[in-house]
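**Student:** Please find query.csv (CSV, C-alpha atoms) on the next line:
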chain,number,residue,atom,x,y,z
A,521,SER,CA,0.0,0.0,0.0
A,522,PRO,CA,1.2,3.6,-0.5
A,523,ASP,CA,0.8,4.1,3.3
A,524,GLY,CA,3.2,1.2,4.1
A,525,LEU,CA,1.3,0.4,7.3
A,526,ALA,CA,-2.2,-0.2,6.1
A,527,GLY,CA,-3.5,-3.6,7.2
A,528,LYS,CA,-0.6,-4.3,9.5
A,529,ALA,CA,-2.0,-3.0,12.7
A,530,SER,CA,-3.5,-4.9,15.6
A,531,PRO,CA,-7.1,-5.9,15.3
A,532,CYS,CA,-7.7,-3.6,18.3
A,533,PHE,CA,-7.0,-0.7,16.0
A,534,ALA,CA,-8.8,-2.1,13.0
A,535,GLY,CA,-12.1,-2.3,14.9
A,536,GLY,CA,-11.6,-5.8,16.3
A,537,CYS,CA,-11.9,-4.5,19.9
A,538,GLY,CA,-13.5,-1.2,19.2
A,539,GLY,CA,-10.3,0.9,19.5
A,540,LEU,CA,-8.0,1.9,22.3
A,541,ALA,CA,-10.6,2.4,25.0
A,542,ALA,CA,-12.2,-1.0,24.6
A,543,THR,CA,-10.3,-3.6,26.6
A,544,GLU,CA,-11.3,-6.8,28.4
A,545,ALA,CA,-11.7,-7.2,32.1
A,546,ASP,CA,-8.7,-9.4,32.4
A,547,GLY,CA,-6.4,-6.4,31.7
A,548,ARG,CA,-4.8,-7.9,28.7
A,549,GLY,CA,-6.5,-5.8,26.0
A,550,CYS,CA,-8.3,-7.8,23.3
A,551,GLY,CA,-8.2,-10.8,25.7
A,552,ARG,CA,-4.9,-12.0,24.2
A,553,ALA,CA,-1.9,-13.0,26.3
A,554,LEU,CA,1.3,-11.2,25.5
A,555,SER,CA,4.2,-13.5,25.8
A,556,GLY,CA,7.7,-12.5,24.9
A,557,GLU,CA,7.5,-14.5,21.6
A,558,ARG,CA,7.5,-12.6,18.3
A,559,GLY,CA,8.4,-13.9,14.9
A,560,ASP,CA,10.9,-11.3,13.6
A,561,ALA,CA,11.3,-8.8,16.4
A,562,SER,CA,13.7,-9.1,19.3
A,563,TRP,CA,12.3,-8.5,22.8
A,564,GLU,CA,14.4,-7.1,25.6
A,565,ALA,CA,14.8,-9.4,28.6
A,566,GLY,CA,12.1,-9.1,31.1
A,567,ASP,CA,9.4,-7.8,28.8
A,568,ARG,CA,5.9,-8.9,29.8
A,569,ALA,CA,2.4,-7.7,29.7
A,570,PHE,CA,1.4,-4.7,31.8
A,571,GLY,CA,-0.3,-5.7,35.0
A,572,PHE,CA,-3.0,-4.2,37.2
A,573,GLU,CA,-0.3,-2.9,39.5
A,574,ASP,CA,1.5,-0.9,36.7
A,575,ARG,CA,0.5,2.8,36.8
A,576,PRO,CA,1.6,5.6,34.5
A,577,ARG,CA,2.9,8.8,36.1
A,578,ARG,CA,0.6,11.8,36.3
A,579,LEU,CA,1.0,14.6,33.9
A,580,PRO,CA,3.5,17.0,35.5
A,581,PRO,CA,1.7,20.0,37.1
A,582,ASP,CA,4.6,22.3,36.0
A,583,PRO,CA,3.0,25.0,33.8
A,584,LEU,CA,6.1,24.9,31.5
A,585,PHE,CA,5.6,21.2,30.8
A,586,ARG,CA,4.0,20.4,27.4
A,587,VAL,CA,3.2,17.1,25.8
A,588,GLU,CA,4.0,16.6,22.1
A,589,ALA,CA,1.5,17.5,19.4
A,590,THR,CA,1.4,13.7,18.8
A,591,THR,CA,-0.4,13.0,22.0
A,592,LEU,CA,-3.8,11.2,22.1
A,593,TYR,CA,-6.2,11.3,25.0
A,594,VAL,CA,-8.2,8.2,25.7
A,595,ARG,CA,-10.5,6.8,28.4
A,596,SER,CA,-9.9,3.4,29.8
A,597,TRP,CA,-11.0,1.7,33.0
A,598,SER,CA,-7.5,0.3,33.5
A,599,ALA,CA,-4.0,1.6,32.8
A,600,GLY,CA,-2.7,-1.9,32.5
A,601,ALA,CA,-5.3,-2.9,30.0
A,602,LEU,CA,-4.6,0.2,27.9
A,603,GLY,CA,-0.8,-0.5,28.1
A,604,ASN,CA,-1.5,-4.0,26.8
A,605,VAL,CA,-3.5,-2.8,23.9
A,606,LEU,CA,-0.7,-0.4,23.0
A,607,LEU,CA,1.9,-3.3,23.4
A,608,LEU,CA,-0.3,-5.5,21.2
A,609,PHE,CA,-0.4,-2.7,18.6
A,610,PHE,CA,3.4,-2.8,18.4
A,611,SER,CA,3.8,-6.5,18.7
A,612,GLU,CA,1.4,-7.2,15.9
A,613,LEU,CA,2.8,-4.5,13.7
A,614,GLU,CA,4.8,-6.5,11.2
A,615,VAL,CA,7.2,-3.6,10.5
A,616,ALA,CA,8.1,-3.1,14.2
A,617,SER,CA,11.2,-4.7,15.8
A,618,ARG,CA,13.3,-4.4,18.9
A,619,ILE,CA,10.4,-3.6,21.2
A,620,LYS,CA,11.5,-2.6,24.7
A,621,VAL,CA,9.0,-2.1,27.6
A,622,LYS,CA,9.7,-0.1,30.8
A,623,HIS,CA,6.9,-0.8,33.3
A,624,SER,CA,8.2,1.7,35.9
A,625,LYS,CA,7.9,4.6,33.4
A,626,PHE,CA,5.0,3.1,31.4
A,627,THR,CA,6.9,3.4,28.1
A,628,ILE,CA,7.3,1.3,25.0
A,629,LYS,CA,10.2,1.8,22.5
A,630,ALA,CA,10.3,0.3,19.1
A,631,GLU,CA,12.1,0.5,15.7
A,632,VAL,CA,9.6,0.7,12.8
A,633,SER,CA,10.6,0.3,9.2
A,634,THR,CA,8.9,-0.3,5.8
A,635,ASP,CA,9.3,0.7,2.2
A,636,GLY,CA,12.9,1.7,2.9
A,637,LEU,CA,11.9,4.1,5.6
A,638,SER,CA,12.6,3.6,9.3
A,639,CYS,CA,12.3,5.5,12.6
A,640,GLY,CA,12.7,4.9,16.3
A,641,VAL,CA,9.8,5.8,18.4
A,642,LYS,CA,9.0,6.1,22.1
A,643,LEU,CA,5.4,5.9,23.4
A,644,ARG,CA,4.7,7.1,27.0
A,645,VAL,CA,1.4,7.0,28.8
A,646,TYR,CA,0.5,9.6,31.5
A,647,THR,CA,-2.5,9.7,33.8
A,648,ALA,CA,-4.4,12.9,33.0
A,649,GLU,CA,-7.2,12.3,35.5
A,650,ALA,CA,-9.2,9.4,36.8
A,651,GLY,CA,-9.9,7.1,33.8
A,652,LEU,CA,-8.3,9.5,31.2
A,653,PHE,CA,-4.8,8.8,29.8
A,654,ALA,CA,-2.5,10.8,27.6
A,655,ILE,CA,-0.6,8.7,25.1
A,656,GLU,CA,2.4,10.6,23.8
A,657,LEU,CA,4.3,9.2,20.7
A,658,GLN,CA,7.8,10.7,20.1
A,659,ARG,CA,10.1,10.2,17.1
A,660,ARG,CA,13.5,9.5,18.6
A,661,SER,CA,15.4,8.9,15.3
A,662,GLY,CA,14.9,8.3,11.6
A,663,ASP,CA,12.4,9.3,9.0
A,664,ALA,CA,9.6,11.8,9.8
A,665,VAL,CA,7.3,10.4,7.0
A,666,MET,CA,7.5,6.9,8.6
A,667,PHE,CA,6.7,8.5,12.0
A,668,ALA,CA,3.7,10.3,10.5
A,669,ARG,CA,2.4,7.0,9.0
A,670,LEU,CA,2.8,5.3,12.4
A,671,PHE,CA,1.0,8.1,14.3
A,672,ARG,CA,-1.9,8.1,11.7
A,673,GLN,CA,-2.2,4.3,12.2
A,674,LEU,CA,-2.2,4.7,16.0
A,675,ALA,CA,-4.7,7.5,16.0
Could you take the file, read its structure, and then write that structure out as structure tokens?
**Tutor:**
Amino acid sequence: SPDGLAGKASPCFAGGCGGLAATEADGRGCGRALSGERGDASWEAGDRAFGFEDRPRRLPPDPLFRVEATTLYVRSWSAGALGNVLLLFFSELEVASRIKVKHSKFTIKAEVSTDGLSCGVKLRVYTAEAGLFAIELQRRSGDAVMFARLFRQLA
């Protein structure tokens, strides 16, 4: 496809689960278990699904703090369930590799490449208020066009 990512996203983002905010009661998003097994991508040691005890940091109250323009706000009953839907998005994205998860910071890093374009991204989740989360996607390296495609797919 001209987009390079079309049809390669998790079923959660293609309507299979109704999008980001629709997650299952078991906290695993889409009801799927997330093991450390992926076909072509390498997982950092210790990666696992987000649990009920994992909590994102609150948005900093500092008036000078600003989130990136590539920030989405979503409602979810559970931060862990939301984290697992996001992790599932990256783990099922055929063009993503080297996925690294930091539960303490509620972040996911990945290398994404297709059609000769590649970029490194970092996704961080913040708690905005009870049940409302800010999902910030940052381009850390690489191609801006690839990053725009990924953000469009995520949104």
**Student:** Please determine, counting only C-alpha atoms, which residue among A:Cys639, A:Leu606, A:Leu670, A:Val615 has the shortest atom-to-atom distance to Thr627 (chain A).
**Tutor:**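 With only C-alpha atoms as the atom set, the closest residue is A:Leu606.
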**Student:** Give the answer as one residue: which of A:Ala599, A:Leu584, A:Val632, A:Leu607 has the shortest atom-to-atom distance to Thr647 (chain A), using all atoms listed in the file?
**Tutor:**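 With all atoms listed in the file as the atom set, the closest residue is A:Ala599.
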**Student:** Which polymer residues, whether protein, DNA or RNA, lie within 6 Å of the coordinate (15.0, 4.2, 8.3) when you count all atoms listed in the file? List them as a list in words, using the chain letters and numbers from the file.
**Tutor:**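 All residues meeting the 6 Å criterion around (15.0, 4.2, 8.3) are Ser633, Leu637, Ser638, Cys639, Gly662 and Asp663 of chain A.
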**Student:** Calculated over all atoms listed in the file, which of the candidates A:Ile628, A:Ala654, A:Ala589, A:Val594 has the smallest distance to Ala616 (chain A)?
**Tutor:**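 Result for the nearest residue to Ala616 (chain A): A:Ile628.
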**Student:** Using all atoms listed in the file, which of A:Arg660, A:Leu652, A:Ala630, A:Phe585 sits nearest Phe609 (chain A)?
**Tutor:**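 Closest candidate: A:Ala630.
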**Student:** Interatomic distance between CA of Gly571 (chain A) and CA of Arg669 (chain A)?
**Tutor:**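 Result for CA of Gly571 (chain A) versus CA of Arg669 (chain A): 29.1 Å, one decimal.
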**Student:** For Asp574 (chain A), which residue out of A:Arg586, A:Arg595, A:Arg672, A:Lys625 is the nearest one, using only C-alpha atoms?
**Tutor:**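 The answer is A:Lys625, which sits nearest to Asp574 (chain A).
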**Student:** For CA of Leu613 (chain A) and CA of Leu579 (chain A), quote the distance in Å rounded to one decimal.
**Tutor:** 27.9 Å
**Student:** Take CA of Ser661 (chain A) and CA of Phe610 (chain A) and report the distance between them in Å, one decimal.
**Tutor:**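 These two atoms are separated by 17.0 Å.
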**Student:** Leaving out Gly600 (chain A) and any residue of its chain fewer than 2 positions from it, which residues lie within 7 Å of it when counting all atoms listed in the file, given as an MDAnalysis selection string?
**Tutor:** chainID A and resid 547 570:572 574 598 602:604
**Student:** Could you check which of A:Leu608, A:Leu592, A:Ile619, A:Ile655 is closest to Pro576 (chain A), using all atoms listed in the file?
**Tutor:**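 For Pro576 (chain A), the nearest of the given residues is A:Ile655.
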